[in-house]
>>> print(open('model.csv').read())   # CSV, C-alpha atoms
chain,number,residue,atom,x,y,z
A,72,MET,CA,83.7,142.4,86.7
A,73,ARG,CA,86.3,140.4,84.7
A,74,LEU,CA,84.7,137.3,83.2
A,75,VAL,CA,86.5,134.1,82.3
A,76,GLY,CA,84.9,131.5,80.0
A,77,PRO,CA,84.4,127.8,80.8
A,78,ALA,CA,87.5,126.8,78.8
A,79,GLY,CA,89.7,129.5,80.5
A,80,GLU,CA,89.4,132.1,77.7
A,81,GLN,CA,89.2,135.8,78.6
A,82,VAL,CA,85.7,137.2,77.8
A,83,GLY,CA,86.6,140.7,79.2
A,84,ILE,CA,85.1,143.2,81.6
A,85,VAL,CA,81.3,142.9,81.5
A,86,SER,CA,78.5,143.9,83.8
A,87,ILE,CA,76.8,141.5,86.3
A,88,ASP,CA,73.6,141.3,84.2
A,89,ASP,CA,75.5,140.3,81.1
A,90,ALA,CA,77.5,137.7,83.0
A,91,LEU,CA,74.4,136.2,84.5
A,92,ARG,CA,72.8,136.1,81.0
A,93,LEU,CA,75.8,134.3,79.5
A,94,ALA,CA,75.7,131.8,82.4
A,95,GLN,CA,72.0,131.0,81.8
A,96,GLU,CA,72.6,130.6,78.1
A,97,ALA,CA,75.5,128.2,78.6
A,98,ASP,CA,73.6,126.4,81.5
A,99,LEU,CA,76.6,127.0,83.8
A,100,ASP,CA,77.2,128.7,87.2
A,101,LEU,CA,78.8,132.1,87.7
A,102,VAL,CA,81.5,131.7,90.4
A,103,GLU,CA,83.6,134.4,91.9
A,104,VAL,CA,87.2,133.1,92.0
A,105,ALA,CA,89.1,136.3,93.0
A,106,PRO,CA,87.0,138.6,95.1
A,107,THR,CA,89.9,140.8,96.2
A,108,ALA,CA,91.0,141.7,92.6
A,109,ARG,CA,90.1,145.0,91.0
A,110,PRO,CA,87.8,144.4,89.2
A,111,PRO,CA,86.7,141.0,90.7
A,112,VAL,CA,87.2,137.9,88.6
A,113,CYS,CA,84.4,135.5,87.9
A,114,LYS,CA,84.3,132.3,85.9
A,115,LEU,CA,81.7,130.3,84.1
A,116,MET,CA,81.8,126.6,85.3
A,117,ASP,CA,79.8,123.7,86.6
A,118,TYR,CA,80.2,124.1,90.3
A,119,GLY,CA,79.1,120.6,91.3
A,120,LYS,CA,81.7,119.1,89.0
A,121,PHE,CA,84.3,121.5,90.3
A,122,LYS,CA,83.6,120.4,93.9
A,123,TYR,CA,83.8,116.7,93.0
A,124,GLU,CA,87.2,117.1,91.3
A,125,SER,CA,88.5,119.1,94.2
A,126,ALA,CA,87.5,116.3,96.6
A,127,LEU,CA,89.2,113.7,94.4
A,128,LYS,CA,92.5,115.7,94.4
A,129,ALA,CA,92.4,116.1,98.1
A,130,ARG,CA,91.8,112.4,98.6
A,131,GLU,CA,94.8,111.5,96.3
A,132,SER,CA,97.0,113.9,98.1
A,133,ARG,CA,96.1,112.4,101.5
A,134,LYS,CA,96.8,108.9,100.2
A,135,ASN,CA,100.3,109.8,99.0
A,136,GLN,CA,101.1,111.7,102.2
A,137,ALA,CA,102.9,109.6,104.7
A,138,GLN,CA,102.5,110.4,108.4
A,139,THR,CA,105.7,110.4,110.4
A,140,VAL,CA,105.5,108.2,113.5
A,141,ILE,CA,108.0,108.3,116.4
A,142,LYS,CA,108.9,104.9,117.8
A,143,GLU,CA,110.4,104.5,121.2
A,144,ILE,CA,113.1,102.1,122.4
A,145,LYS,CA,114.1,101.9,126.1
A,146,LEU,CA,117.5,100.7,127.3
A,147,ARG,CA,119.4,100.3,130.6
A,148,PRO,CA,123.0,101.5,131.2
A,149,LYS,CA,124.0,97.9,132.1
A,150,ILE,CA,122.2,96.2,129.2
A,151,ASP,CA,123.4,92.7,128.1
A,152,PRO,CA,125.2,92.5,124.7
A,153,HIS,CA,122.6,90.2,123.3
A,154,ASP,CA,119.8,92.4,124.4
A,155,TYR,CA,121.6,95.4,122.9
A,156,GLY,CA,121.8,93.6,119.6
A,157,THR,CA,118.0,92.9,119.7
A,158,LYS,CA,117.2,96.6,120.4
A,159,ARG,CA,119.5,97.7,117.7
A,160,GLY,CA,117.7,95.5,115.2
A,161,HIS,CA,114.4,97.1,116.2
A,162,VAL,CA,115.9,100.6,115.6
A,163,GLU,CA,117.2,99.5,112.2
A,164,ARG,CA,113.8,98.2,111.2
A,165,PHE,CA,112.1,101.4,112.3
A,166,LEU,CA,114.6,103.5,110.3
A,167,LYS,CA,114.2,101.4,107.2
A,168,ALA,CA,110.4,102.0,107.4
A,169,GLY,CA,111.0,105.7,107.5
A,170,ASP,CA,110.0,106.3,111.1
A,171,LYS,CA,111.8,108.4,113.7
A,172,VAL,CA,113.2,106.6,116.8
A,173,LYS,CA,113.3,108.0,120.3
A,174,VAL,CA,115.9,106.2,122.4
A,175,THR,CA,115.5,106.4,126.2
A,176,ILE,CA,118.1,105.4,128.8
A,177,MET,CA,116.5,104.6,132.2
A,178,PHE,CA,118.6,105.2,135.3
A,179,ARG,CA,117.8,103.6,138.7
A,180,GLY,CA,119.3,104.2,142.1
A,181,ARG,CA,122.9,105.2,142.1
A,182,GLU,CA,123.1,104.9,138.3
A,183,GLN,CA,121.8,108.5,138.2
A,184,SER,CA,125.2,109.6,139.4
A,185,ARG,CA,126.8,108.1,136.3
A,186,PRO,CA,125.1,109.8,133.3
A,187,GLU,CA,128.2,109.3,131.2
A,188,LEU,CA,127.3,105.6,130.9
A,189,GLY,CA,124.1,106.4,129.2
A,190,PHE,CA,125.7,109.0,127.0
A,191,ARG,CA,128.3,106.5,125.8
A,192,LEU,CA,125.6,103.9,125.1
A,193,LEU,CA,123.6,106.4,123.0
A,194,GLN,CA,126.7,107.4,121.0
A,195,ARG,CA,127.5,103.7,120.4
A,196,LEU,CA,123.9,103.2,119.1
A,197,ALA,CA,124.1,106.3,116.9
A,198,GLY,CA,127.4,105.0,115.3
A,199,ASP,CA,125.9,101.6,114.7
A,200,VAL,CA,122.9,102.9,112.7
A,201,GLU,CA,124.5,105.9,111.0
A,202,GLU,CA,124.0,104.3,107.6
A,203,LEU,CA,120.2,104.4,108.1
A,204,GLY,CA,119.7,107.5,110.2
A,205,PHE,CA,121.2,110.6,111.8
A,206,VAL,CA,121.0,112.1,115.3
A,207,GLU,CA,118.2,114.6,115.1
A,208,ALA,CA,118.1,115.5,118.8
A,209,GLN,CA,121.3,115.2,120.9
A,210,PRO,CA,121.2,113.3,124.1
A,211,LYS,CA,119.8,115.3,127.1
A,212,GLN,CA,119.0,114.4,130.7
A,213,ASP,CA,115.4,114.5,131.6
A,214,GLY,CA,115.0,113.5,135.3
A,215,ARG,CA,115.8,109.8,135.6
A,216,ASN,CA,115.9,109.3,131.9
A,217,MET,CA,118.2,110.4,129.0
A,218,THR,CA,116.7,110.7,125.6
A,219,MET,CA,117.9,111.0,122.0
A,220,VAL,CA,116.0,111.1,118.7
A,221,ILE,CA,117.3,109.5,115.5
A,222,GLY,CA,115.8,110.4,112.2
A,223,PRO,CA,115.8,108.3,109.0
A,224,HIS,CA,117.8,109.4,105.9
A,225,ARG,CA,114.9,108.7,103.5
A,226,ARG,CA,111.2,109.7,103.8
A,227,LYS,CA,108.5,107.3,104.7
A,228,SER,CA,106.7,107.7,101.4
A,229,ASP,CA,109.8,106.5,99.5
A,230,ALA,CA,110.2,103.5,101.8
A,231,LYS,CA,106.5,102.7,101.3
A,232,ALA,CA,106.7,103.0,97.6
A,233,GLU,CA,109.8,100.7,97.6
A,234,ARG,CA,108.0,98.0,99.7
A,235,ALA,CA,105.0,97.8,97.3
A,236,PRO,CA,106.9,96.4,94.3
A,237,GLN,CA,108.7,94.0,96.6
A,238,GLY,CA,105.4,92.6,97.9
A,239,GLU,CA,104.1,92.1,94.3
A,240,ARG,CA,107.3,90.4,93.3
A,241,SER,CA,107.3,88.1,96.3
A,242,GLN,CA,103.7,87.1,95.6
A,243,GLY,CA,104.6,86.3,92.0
A,244,GLU,CA,107.5,84.2,93.2
A,245,ARG,CA,105.2,82.2,95.5
A,246,SER,CA,102.8,81.5,92.7
A,247,HIS,CA,105.6,80.5,90.3
A,248,SER,CA,107.1,78.1,93.0
A,249,ALA,CA,103.7,76.6,93.5
A,250,ARG,CA,103.3,75.9,89.8
A,251,SER,CA,106.8,74.5,89.6
A,252,GLN,CA,106.1,72.0,92.4
A,253,GLY,CA,103.2,70.6,90.5
A,254,GLU,CA,100.5,72.1,92.6
A,255,ARG,CA,97.1,72.0,90.9
A,256,PRO,CA,94.1,74.2,91.4
A,257,PRO,CA,91.3,72.8,93.5
A,258,ALA,CA,89.0,70.3,91.6
A,259,ALA,CA,85.5,71.3,90.6
A,260,PRO,CA,82.7,69.9,92.8
A,261,ARG,CA,81.6,66.4,91.6
A,262,SER,CA,78.0,65.6,90.6
A,263,GLN,CA,75.8,63.3,92.7
A,264,GLY,CA,76.8,59.7,92.3
A,265,GLU,CA,80.2,60.5,90.8
A,266,ARG,CA,83.1,58.9,92.6
A,267,SER,CA,86.5,60.3,93.2
A,268,PRO,CA,89.4,58.5,91.4
A,269,ALA,CA,91.2,57.9,94.7
A,270,ALA,CA,88.1,56.3,96.3
A,271,PRO,CA,88.4,52.4,96.8
A,272,ARG,CA,86.5,50.3,94.4
A,273,SER,CA,84.0,47.7,95.3
A,274,GLN,CA,84.7,44.0,95.0
A,275,GLY,CA,84.6,42.8,91.4
A,276,GLU,CA,84.6,46.3,90.0
A,277,ARG,CA,87.3,46.9,87.5
A,278,SER,CA,89.2,50.1,86.8
A,279,PRO,CA,88.4,51.8,83.4
A,280,ALA,CA,92.0,51.6,82.4
A,281,ALA,CA,92.4,47.8,83.2
A,282,PRO,CA,92.7,45.6,80.1
A,283,ARG,CA,89.7,43.4,79.2
A,284,ALA,CA,89.8,39.7,78.9
A,285,GLN,CA,89.7,38.0,75.5
A,286,GLY,CA,86.1,37.9,74.2
A,287,GLU,CA,84.8,40.3,76.8
A,288,ARG,CA,82.7,43.0,75.4
A,289,SER,CA,82.5,46.7,76.5
A,290,PRO,CA,79.2,47.7,78.1
A,291,ASP,CA,78.9,50.5,75.6
A,292,ALA,CA,79.3,48.2,72.5
A,293,PRO,CA,76.1,47.4,70.6
A,294,ARG,CA,74.5,44.0,71.2
A,295,PRO,CA,74.1,41.5,68.3
A,296,GLN,CA,70.7,40.9,66.9
A,297,GLY,CA,68.6,38.5,69.0
A,298,GLU,CA,70.7,38.7,72.1
A,299,ARG,CA,68.8,39.7,75.2
A,300,SER,CA,70.1,41.9,78.0
A,301,PRO,CA,70.8,40.3,81.5
A,302,ALA,CA,67.6,42.0,82.8
A,303,GLU,CA,65.5,40.4,80.1
A,304,ARG,CA,66.8,36.8,80.6
A,305,PRO,CA,64.4,34.4,82.4
A,306,ALA,CA,65.3,33.3,85.9
A,307,PRO,CA,66.8,29.8,86.3
A,308,PRO,CA,64.4,26.9,87.4
A,309,PRO,CA,64.7,25.9,91.1
A,310,VAL,CA,66.9,23.0,91.9
A,311,PRO,CA,64.9,19.9,93.0
A,312,ARG,CA,65.7,18.5,96.5
A,313,PRO,CA,66.8,14.8,96.5
A,314,GLN,CA,64.3,12.3,98.0
A,315,GLY,CA,64.8,11.4,101.6
A,316,GLN,CA,66.7,14.6,102.4
A,317,PRO,CA,65.0,16.4,105.3
A,318,ALA,CA,63.6,19.8,104.7
A,319,ALA,CA,65.2,22.8,106.2
A,320,ALA,CA,64.6,22.9,109.9
A,321,ARG,CA,62.0,25.3,111.0
A,322,PRO,CA,62.8,27.7,113.7
A,323,ALA,CA,61.7,26.7,117.1
A,324,PRO,CA,58.6,28.6,118.4
A,325,PRO,CA,59.4,31.1,121.1
A,326,PRO,CA,58.9,29.9,124.7
A,327,ALA,CA,55.5,30.5,126.3
A,328,ARG,CA,55.4,33.4,128.6
A,329,PRO,CA,54.8,32.2,132.2
A,330,VAL,CA,51.3,33.0,133.6
A,331,SER,CA,51.1,34.2,137.2
A,332,GLY,CA,48.0,34.0,139.5
A,333,PRO,CA,46.2,31.6,141.8
A,334,ARG,CA,44.6,29.6,138.9
A,335,ALA,CA,48.0,29.1,137.2
A,336,VAL,CA,49.4,27.8,140.5
A,337,ALA,CA,46.5,25.4,141.1
A,338,ALA,CA,46.8,24.0,137.5
A,339,ALA,CA,50.5,23.5,137.9
A,340,SER,CA,50.0,21.6,141.2
A,341,ARG,CA,47.4,19.3,139.6
A,342,ARG,CA,49.7,18.5,136.8
A,343,ALA,CA,52.5,17.7,139.2
A,344,ALA,CA,50.2,15.4,141.3
A,345,ALA,CA,48.9,13.6,138.2
A,346,SER,CA,52.5,12.9,137.1
A,347,SER,CA,53.4,11.6,140.6
A,348,GLY,CA,50.2,9.5,141.2
A,349,GLN,CA,49.1,11.2,144.4
A,350,ARG,CA,45.4,12.0,145.1
A,351,GLN,CA,44.5,15.5,145.7
A,352,PRO,CA,41.9,16.5,148.3
A,353,GLY,CA,38.3,16.3,147.0
A,354,GLN,CA,39.3,13.9,144.1
A,355,GLU,CA,37.4,10.7,143.6
A,356,VAL,CA,39.2,7.4,143.1
A,357,SER,CA,37.7,4.8,140.7
A,358,ALA,CA,37.0,1.3,142.1
A,359,GLY,CA,38.7,-0.5,139.3
>>> encode(input="model.csv", output="structure tokens")
Amino acid sequence: MRLVGPAGEQVGIVSIDDALRLAQEADLDLVEVAPTARPPVCKLMDYGKFKYESALKARESRKNQAQTVIKEIKLRPKIDPHDYGTKRGHVERFLKAGDKVKVTIMFRGREQSRPELGFRLLQRLAGDVEELGFVEAQPKQDGRNMTMVIGPHRRKSDAKAERAPQGERSQGERSHSARSQGERPPAAPRSQGERSPAAPRSQGERSPAAPRAQGERSPDAPRPQGERSPAERPAPPPVPRPQGQPAAARPAPPPARPVSGPRAVAAASRRAAASSGQRQPGQEVSAG
């Protein structure tokens, strides 16, 4: 067999035993790369690394390969001018993206006897988009429909590569416009107890930027020797109440809860009789 070294150098024609010995000494694999040649060609290589690199190349080739898609647009022979403009805009957008467009004219009823209407409409559409595409398949009648295929002038891979830089540029323009308008990044989360600058201040609280009155000292300034803090100062003595002034009225006790039952009813009747001066049955009257 003809042996090729790991760097691509020609070793020469050797026997199979010598080739296997060289592969074991170099800790490589002996791979047959041209079995139909006379003599067969073998190469010393790392087969696992070779398979990995081949898979990477196949993946890159599939990534760069653009799949052609056929878009379809349907029209009517008596289409409105505004609807025709909308359909033409769709065709132009598909051609700019590198896709083929299949235009279908649908005939209904007695419109099938006037195929020249659909033919003229297809020719008009092909003339309007001739800068972006060409007629790949001429108009042909297919039952109730007439079809025509328009192909783009440029490949889809070129259109895809052109759209990528435009997307990056538009993203950069958006970020630049946001910075020019004074947009700031989101603020970091505040710690517990920290207040937002826009939050309303409590009554009597002063802004840090407000000027201090004359003689007022900053809270962070050191205190003079002998001066006590407000927490260390003694509480003021209570103010004596002038003589003759009534004390604060005490709250009235809550009303007693009414008691129900025969005893409560009898007691209430006795109190009512005593207040009116009547004698109850069984009550003794004094002789005085």
>>> residues_around(input="model.csv", residues="A:Gln212", least_positions_apart="5", cutoff="9 Å", atoms="all atoms listed in the file", output="VMD selection string")
chain A and resid 186 217 to 218
>>> closest_residue(input="model.csv", among="A:Glu124, A:Arg195, A:Ser184, A:Ser340", to="A:Tyr155", atoms="only C-alpha atoms")
A:Arg195
>>> closest_residue(input="model.csv", among="A:Arg109, A:Arg215, A:Lys149, A:Arg341", to="A:Met177", atoms="all atoms listed in the file")
A:Arg215
>>> residues_around(input="model.csv", residues="A:Arg191", least_positions_apart="3", cutoff="12 Å", atoms="only C-alpha atoms", output="list in words")
Arg147, Pro148, Lys149, Ile176, Arg185, Pro186, Glu187, Leu188, Gln194, Arg195, Leu196, Ala197, Gly198, Pro210, Met217 and Met219 of chain A
>>> closest_residue(input="model.csv", among="A:Lys120, A:Lys158, A:Lys171, A:Arg179", to="A:Val220", atoms="all atoms listed in the file")
A:Lys171
>>> residues_near_point(input="model.csv", point="(76.3, 133.0, 86.9)", cutoff="9 Å", atoms="only C-alpha atoms", output="MDAnalysis selection string")
chainID A and resid 87 90:95 98:103 113:116
>>> atom_distance(input="model.csv", atom1="atom CA of A:Val172", atom2="atom CA of A:Val140")
8.5 Å
>>> closest_residue(input="model.csv", among="A:Asp199, A:Asp89, A:Arg73, A:Ile221", to="A:Lys142", atoms="all atoms listed in the file")
A:Ile221
>>> atom_distance(input="model.csv", atom1="atom CA of A:Glu163", atom2="atom CA of A:Glu207")
15.4 Å
>>> residues_near_point(input="model.csv", point="(109.1, 105.7, 109.6)", cutoff="7 Å", atoms="only C-alpha atoms", output="PyMOL selection string")
chain A and resi 139-140+165-166+168-171+227
>>> closest_residue(input="model.csv", among="A:Ala232, A:Val200, A:Met72, A:Ala108", to="A:His161", atoms="only C-alpha atoms")
A:Val200
>>> closest_residue(input="model.csv", among="A:Ser86, A:Lys173, A:Ala97, A:His224", to="A:Ala208", atoms="only C-alpha atoms")
A:Lys173
>>> atom_distance(input="model.csv", atom1="atom CA of A:Gln209", atom2="atom CA of A:Phe178")
17.7 Å
